[in-house]
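A.B. asks: Compact mmCIF, C-alpha atoms and all ligand atoms, saved as run32.txt, coming up:
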# COMPACT_ATOMS: atom_id res chain seq x y z
CA MET U 15 18.29 8.19 -7.82
CA LEU U 16 14.99 7.09 -6.24
CA ILE U 17 11.96 5.95 -8.25
CA LEU U 18 8.56 5.44 -6.63
CA ALA U 19 6.68 2.71 -8.50
CA SER U 20 3.19 3.88 -7.58
CA ALA U 21 0.14 5.64 -9.00
CA SER U 22 -1.15 6.42 -5.50
CA PRO U 23 -1.28 10.18 -4.75
CA ARG U 24 -1.14 9.32 -1.01
CA ARG U 25 2.17 7.48 -1.44
CA HIS U 26 3.63 10.38 -3.46
CA GLU U 27 2.58 12.83 -0.77
CA LEU U 28 3.93 10.79 2.17
CA LEU U 29 7.32 10.20 0.54
CA LYS U 30 7.60 13.89 -0.35
CA GLN U 31 6.56 14.91 3.16
CA ALA U 32 9.41 12.75 4.55
CA GLY U 33 11.91 14.79 2.51
CA PHE U 34 12.75 12.46 -0.38
CA ASP U 35 13.43 13.53 -3.96
CA PHE U 36 12.13 10.98 -6.43
CA THR U 37 10.51 10.38 -9.79
CA VAL U 38 7.36 8.33 -10.34
CA GLU U 39 6.85 5.38 -12.67
CA VAL U 40 3.74 3.26 -12.52
CA ALA U 41 3.95 -0.53 -12.57
CA ASN U 42 1.15 -2.54 -14.11
CA ILE U 43 1.03 -6.02 -12.65
CA ASN U 44 -1.59 -8.72 -12.13
CA GLU U 45 -2.94 -8.26 -8.58
CA THR U 46 -4.82 -11.57 -8.27
CA PRO U 47 -3.97 -13.48 -5.06
CA LEU U 48 -2.48 -16.95 -5.52
CA GLU U 49 -4.50 -19.96 -4.40
CA GLY U 50 -4.36 -20.11 -0.57
CA GLU U 51 -1.93 -17.17 -0.33
CA ALA U 52 -1.82 -15.52 3.12
CA ALA U 53 -2.52 -11.77 3.20
CA ALA U 54 0.95 -10.75 4.43
CA ALA U 55 2.66 -12.88 1.76
CA TYR U 56 0.30 -11.43 -0.86
CA VAL U 57 1.01 -7.73 -0.16
CA GLN U 58 4.75 -8.37 0.10
CA ARG U 59 4.77 -10.28 -3.21
CA LEU U 60 2.84 -7.51 -4.98
CA ALA U 61 5.19 -4.82 -3.62
CA VAL U 62 8.20 -6.81 -4.90
CA GLU U 63 6.55 -7.40 -8.29
CA LYS U 64 5.71 -3.68 -8.70
CA ALA U 65 9.28 -2.64 -7.82
CA GLN U 66 10.86 -5.28 -10.07
CA ALA U 67 8.54 -4.45 -12.98
CA VAL U 68 9.77 -0.84 -12.95
CA CYS U 69 13.38 -2.02 -12.54
CA GLY U 70 12.94 -4.17 -15.64
CA LEU U 71 12.16 -1.04 -17.68
CA HIS U 72 15.58 0.43 -16.78
CA ARG U 73 17.79 -2.62 -17.10
CA ASP U 74 20.73 -2.05 -19.48
CA LYS U 75 19.83 1.61 -20.00
CA GLU U 76 21.24 3.24 -16.88
CA THR U 77 24.77 4.33 -16.14
CA GLU U 78 24.00 5.31 -12.55
CA SER U 79 22.64 3.19 -9.72
CA TYR U 80 19.11 3.64 -8.47
CA VAL U 81 16.53 2.39 -6.02
CA VAL U 82 12.92 1.53 -6.89
CA LEU U 83 10.37 1.64 -4.06
CA ALA U 84 6.88 0.08 -4.22
CA ALA U 85 4.06 -0.80 -1.83
CA ASP U 86 0.75 -2.61 -1.71
CA THR U 87 -1.99 -2.21 0.90
CA CYS U 88 -4.88 -4.51 1.76
CA VAL U 89 -7.42 -4.81 4.55
CA VAL U 90 -7.95 -8.15 6.28
CA ALA U 91 -11.25 -8.71 8.09
CA ASP U 92 -12.78 -11.97 9.20
CA GLY U 93 -10.22 -13.92 7.18
CA GLN U 94 -11.06 -12.04 3.96
CA ILE U 95 -8.56 -9.97 1.96
CA LEU U 96 -10.18 -6.70 0.85
CA GLY U 97 -8.54 -4.73 -1.94
CA LYS U 98 -10.11 -1.77 -3.72
CA PRO U 99 -13.87 -2.21 -4.27
CA THR U 100 -14.96 -3.15 -7.78
CA ASP U 101 -18.20 -1.12 -7.61
CA ILE U 102 -20.67 0.56 -5.22
CA MET U 103 -22.20 -2.71 -4.02
CA ASP U 104 -18.75 -4.13 -3.33
CA ALA U 105 -17.85 -1.00 -1.32
CA ARG U 106 -21.05 -1.35 0.74
CA ARG U 107 -20.29 -5.04 1.37
CA MET U 108 -16.78 -4.21 2.59
CA LEU U 109 -17.95 -1.46 4.95
CA ALA U 110 -20.69 -3.71 6.39
CA LEU U 111 -17.94 -6.25 7.14
CA LEU U 112 -15.75 -3.64 8.88
CA SER U 113 -18.58 -2.01 10.87
CA GLY U 114 -18.32 -2.47 14.66
CA ARG U 115 -15.09 -4.51 14.66
CA THR U 116 -11.30 -4.36 14.52
CA HIS U 117 -9.48 -5.32 11.31
CA ALA U 118 -5.86 -5.39 10.13
CA VAL U 119 -4.40 -3.12 7.46
CA MET U 120 -1.31 -4.68 5.87
CA THR U 121 1.13 -2.85 3.64
CA GLY U 122 3.90 -4.70 1.84
CA VAL U 123 6.88 -2.51 0.96
CA ALA U 124 9.77 -3.39 -1.32
CA ALA U 125 12.99 -1.63 -2.31
CA VAL U 126 15.17 -2.79 -5.21
CA PHE U 127 18.72 -1.48 -5.63
CA PHE U 128 20.16 -1.72 -9.10
CA GLY U 129 23.21 -0.34 -10.89
CA PRO U 130 25.47 -0.93 -13.90
CA GLU U 131 28.07 -2.83 -11.85
CA VAL U 132 25.86 -4.12 -9.07
CA LYS U 133 23.70 -7.20 -9.05
CA SER U 134 20.13 -6.14 -8.24
CA ARG U 135 19.22 -6.48 -4.57
CA THR U 136 15.66 -6.63 -3.18
CA ILE U 137 14.51 -6.05 0.40
CA ALA U 138 10.86 -6.34 1.41
CA ASP U 139 8.76 -6.21 4.53
CA VAL U 140 5.14 -6.05 5.77
CA VAL U 141 3.75 -3.58 8.30
CA ILE U 142 0.45 -4.25 10.09
CA THR U 143 -1.85 -1.75 11.82
CA GLN U 144 -5.02 -2.69 13.72
CA VAL U 145 -7.95 -0.37 13.00
CA THR U 146 -11.19 -0.30 15.01
CA PHE U 147 -14.46 0.84 13.41
CA ASP U 148 -17.57 2.01 15.25
CA LEU U 149 -20.87 0.52 14.15
CA MET U 150 -22.09 2.10 10.90
CA SER U 151 -25.78 2.10 10.01
CA GLU U 152 -26.87 1.04 6.52
CA GLN U 153 -27.78 4.66 5.87
CA GLU U 154 -24.30 5.85 6.92
CA ILE U 155 -22.66 3.23 4.71
CA ALA U 156 -24.81 4.22 1.73
CA SER U 157 -24.13 7.93 2.09
CA TYR U 158 -20.40 7.39 2.68
CA VAL U 159 -20.15 5.27 -0.49
CA ALA U 160 -22.07 8.00 -2.36
CA THR U 161 -19.26 10.48 -1.58
CA GLY U 162 -17.00 8.46 -3.91
CA GLU U 163 -14.16 8.46 -1.35
CA PRO U 164 -14.13 4.66 -0.87
CA MET U 165 -13.73 3.70 -4.51
CA ASP U 166 -9.92 3.80 -4.90
CA LYS U 167 -9.07 2.70 -1.34
CA ALA U 168 -8.35 -0.78 0.01
CA GLY U 169 -11.24 -1.85 2.28
CA ALA U 170 -13.41 0.97 0.81
CA TYR U 171 -12.47 3.70 3.27
CA ALA U 172 -9.96 6.50 3.82
CA ILE U 173 -8.83 7.01 7.42
CA GLN U 174 -7.38 10.36 6.29
CA GLY U 175 -10.79 11.39 4.96
CA TYR U 176 -14.43 11.32 5.95
CA ALA U 177 -14.14 7.79 7.44
CA ALA U 178 -12.14 9.17 10.38
CA ARG U 179 -15.44 9.83 12.17
CA TRP U 180 -16.02 6.07 12.57
CA ILE U 181 -12.47 5.20 13.71
CA PRO U 182 -12.02 5.73 17.46
CA ARG U 183 -8.80 3.72 17.74
CA ILE U 184 -5.81 2.33 15.85
CA GLU U 185 -2.82 0.35 17.03
CA GLY U 186 0.35 0.80 14.97
CA ASP U 187 1.56 3.18 12.28
CA TYR U 188 -1.12 5.58 10.99
CA PHE U 189 0.82 6.18 7.75
CA ASN U 190 0.72 2.44 7.06
CA VAL U 191 -3.08 2.69 6.79
CA VAL U 192 -2.79 5.59 4.34
CA GLY U 193 -0.55 3.36 2.16
CA LEU U 194 3.11 3.96 3.08
CA PRO U 195 4.67 3.10 6.49
CA ILE U 196 7.21 5.85 6.16
CA ALA U 197 9.42 5.03 9.20
CA ARG U 198 9.85 1.44 7.96
CA VAL U 199 10.44 2.68 4.41
CA VAL U 200 13.32 4.89 5.58
CA HIS U 201 15.00 1.81 7.14
CA LEU U 202 14.45 -0.24 3.98
CA LEU U 203 15.98 2.47 1.81
CA ASP U 204 19.03 2.68 4.11
CA GLN U 205 19.45 -1.10 4.19
CA VAL U 206 19.10 -1.74 0.47
CA GLN U 207 21.89 0.70 -0.39
CA VAL U 208 24.50 -0.82 1.94
CA PRO U 209 27.00 -2.75 -0.25
CA GLU U 210 27.15 -6.50 0.37
CA GLU U 211 30.45 -7.87 1.76
C1 LIG U 301 -7.24 1.67 4.20
C2 LIG U 301 -6.83 2.85 3.37
C3 LIG U 301 -6.29 2.69 2.09
N1 LIG U 301 -5.91 3.77 1.34
C4 LIG U 301 -5.35 3.61 -0.02
C5 LIG U 301 -3.83 3.51 -0.08
C6 LIG U 301 -3.60 2.90 -1.46
O1 LIG U 301 -3.48 3.97 -2.42
C7 LIG U 301 -4.89 2.13 -1.74
C8 LIG U 301 -4.63 0.65 -1.79
O2 LIG U 301 -4.36 0.27 -3.09
P1 LIG U 301 -2.98 -0.30 -3.62
O3 LIG U 301 -3.34 -1.36 -4.63
O4 LIG U 301 -2.07 -0.70 -2.49
O5 LIG U 301 -2.29 0.94 -4.33
P2 LIG U 301 -2.76 1.83 -5.55
O6 LIG U 301 -3.42 0.98 -6.62
O7 LIG U 301 -3.58 2.99 -5.02
O8 LIG U 301 -1.39 2.41 -6.09
P3 LIG U 301 -0.08 1.61 -6.65
O9 LIG U 301 -0.41 0.13 -6.72
O10 LIG U 301 0.20 2.19 -8.00
O11 LIG U 301 1.01 1.93 -5.66
O12 LIG U 301 -5.78 2.43 -0.66
C9 LIG U 301 -6.06 5.06 1.84
O13 LIG U 301 -5.72 6.04 1.16
N2 LIG U 301 -6.58 5.22 3.11
C10 LIG U 301 -6.98 4.20 3.90
O14 LIG U 301 -7.45 4.44 5.04
Please re-express this file's structure in structure tokens.
Ligand SMILES: Cc1cn([C@H]2C[C@H](O)[C@@H](COP(=O)(O)OP(=O)(O)OP(=O)(O)O)O2)c(=O)[nH]c1=O

C.D. replies:
Amino acid sequence: MLILASASPRRHELLKQAGFDFTVEVANINETPLEGEAAAAYVQRLAVEKAQAVCGLHRDKETESYVVLAADTCVVADGQILGKPTDIMDARRMLALLSGRTHAVMTGVAAVFFGPEVKSRTIADVVITQVTFDLMSEQEIASYVATGEPMDKAGAYAIQGYAARWIPRIEGDYFNVVGLPIARVVHLLDQVQVPEE
């Protein structure tokens, strides 16, 4: 049994598109970065915490084994970690920072295997994609933010949406930017279910 620990409609869609059957349970965790925490360590830690939080809800109840999958995406530009914008001004600030430069999108992914007679096992990884933005004028930023699209996206944009017009180039997995690096996820799911010697 596979459980996706995510409220993100993009993650649901990508996992479904890759042919997996799963149920969804949302994890509520504190997403504040630790003092001095590097971006890659941060997204990996949050993915593990989301997966383990959902696992915790099942402990002792299940008679079958299952895998919980979770992910966390952030944008890293000019040394700053950008999550989802808090409001319109925050979204404008993020887009001004991304305009005319290349940034990194990092997604941490974690899979936890758990069963009645198995000790829980966690595997996690981080996938990085470089995304290049054209210059955006203040007017373009303001009208893009007014569409509402940026508000629930890390870095305040959706490559799969209207923002595509400002993105001439990426290097790495496109699906990683949308929130779930599906090829890497398939490997993680295979690995986590192999019994330990
Ligand atoms: C950069 C970028 C991010 N995103 C989205 C993917 C994620 O849903 C979101 C990053 O926020 P996350 O905190 O990683 O995820 P979430 O809160 O949406 O869902 P959950 O924690 O329950 O799994 O930004 C896009 O859809 N397109 C993009 O181009």

A.B. asks: Can you work out the spacing between atom CA of U:Asp166 and atom CA of U:Lys98 in Å, to one decimal?

C.D. replies: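 Straight-line distance from atom CA of U:Asp166 to atom CA of U:Lys98 works out to 5.7 Å.
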
A.B. asks: Could you list, as a compact mmCIF listing (two decimals) with C-alpha atoms, keeping the file's coordinate frame, every residue within 7 Å of stretch 154-165 of chain U, counting only C-alpha atoms and ignoring same-chain residues fewer than 6 positions away?

C.D. replies:
# COMPACT_ATOMS: atom_id res chain seq x y z
CA LYS U 98 -10.11 -1.77 -3.72
CA PRO U 99 -13.87 -2.21 -4.27
CA ILE U 102 -20.67 0.56 -5.22
CA ALA U 105 -17.85 -1.00 -1.32
CA ARG U 106 -21.05 -1.35 0.74
CA LEU U 109 -17.95 -1.46 4.95
CA TYR U 171 -12.47 3.70 3.27
CA ALA U 172 -9.96 6.50 3.82

A.B. asks: What's the separation between atom CA of U:Trp180 and atom N2 of ligand LIG 301 (chain U), in Å to one decimal place?

C.D. replies: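 Result for atom CA of U:Trp180 versus atom N2 of ligand LIG 301 (chain U): 13.4 Å, one decimal.
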
A.B. asks: Would you kindly identify which residues have an atom no farther than 10 Å from (-1.0, -0.8, -13.7), using all atoms listed in the file and the file's own coordinates, and write them out as a ChimeraX atom specification?

C.D. replies: /U:19-21,40-45,64

A.B. asks: May I have the residues within 9 Å of ligand LIG 301 (chain U), computed using all atoms listed in the file, as a PyMOL selection string?

C.D. replies: chain U and resi 18-25+39-43+45+57+60-61+64+84-89+97-98+119-122+164-175+177-178+188-194

A.B. asks: Please measure the separation of atom CA of U:Phe34 and atom CA of U:Tyr176, giving the value in Å to one decimal.

C.D. replies: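 Atom CA of U:Tyr176 lies at a distance of 27.9 Å from atom CA of U:Phe34.
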
A.B. asks: Smallest atom-to-atom distance to U:Ile181: which of U:Ile142, U:Leu112, U:Leu203, U:Ile137, using only C-alpha atoms?

C.D. replies: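 Once distances to U:Ile181 are computed over only C-alpha atoms, the minimum belongs to U:Leu112.
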
A.B. asks: Using only C-alpha atoms, which of the listed residues (U:Gln94, U:Gln153, U:Thr100, U:Ser79) sits closest to U:Arg135?

C.D. replies: U:Ser79

A.B. asks: Show which residues sit within 9 Å of U:Arg198, as a PDB file with C-alpha atoms, in the coordinates of the input. Count only C-alpha atoms, and ignore same-chain residues fewer than 5 positions away.

C.D. replies:
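As written to disk, out03.pdb reads:
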ATOM      1  CA  VAL U 123       6.880  -2.510   0.960  1.00  0.00           C
ATOM      2  CA  ASP U 139       8.760  -6.210   4.530  1.00  0.00           C
ATOM      3  CA  VAL U 141       3.750  -3.580   8.300  1.00  0.00           C
ATOM      4  CA  LEU U 203      15.980   2.470   1.810  1.00  0.00           C
TER       5      LEU U 203
END

A.B. asks: Of the candidates U:Ala138, U:Ile184, U:Val199, U:Ile17, which one gets nearest to U:Arg59 if we count all atoms listed in the file?

C.D. replies: U:Ala138

A.B. asks: Nearest to U:Glu51: which of U:Val140, U:Ile95, U:Leu29, U:Val38 is it, counting only C-alpha atoms?

C.D. replies: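 Ranking U:Val140, U:Ile95, U:Leu29, U:Val38 by distance to U:Glu51, first place goes to U:Ile95.
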
A.B. asks: Pick the closest to U:Val90 from U:Asp35, U:Ala67, U:Thr136, U:Ala118: which is it, counting only C-alpha atoms?

C.D. replies: U:Ala118

A.B. asks: Which is closer to U:Ala91 than all the others in U:Ala52, U:Leu111, U:Val62, U:Leu16, using only C-alpha atoms?

C.D. replies: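 With only C-alpha atoms as the atom set, the closest residue is U:Leu111.
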
A.B. asks: Excluding U:Phe147 and residues on its chain fewer than 2 positions from it, collect all residues at most 9 Å away from it, counting all atoms listed in the file, and give them as JSON, numbers by chain.

C.D. replies: {"U": [112, 113, 114, 115, 116, 117, 145, 149, 150, 180, 181, 182, 183]}

A.B. asks: Show which residues sit within 12 Å of U:Gly50, as a ChimeraX atom specification. Count only C-alpha atoms, and ignore same-chain residues fewer than 4 positions away.

C.D. replies: /U:46,54-56,93-95
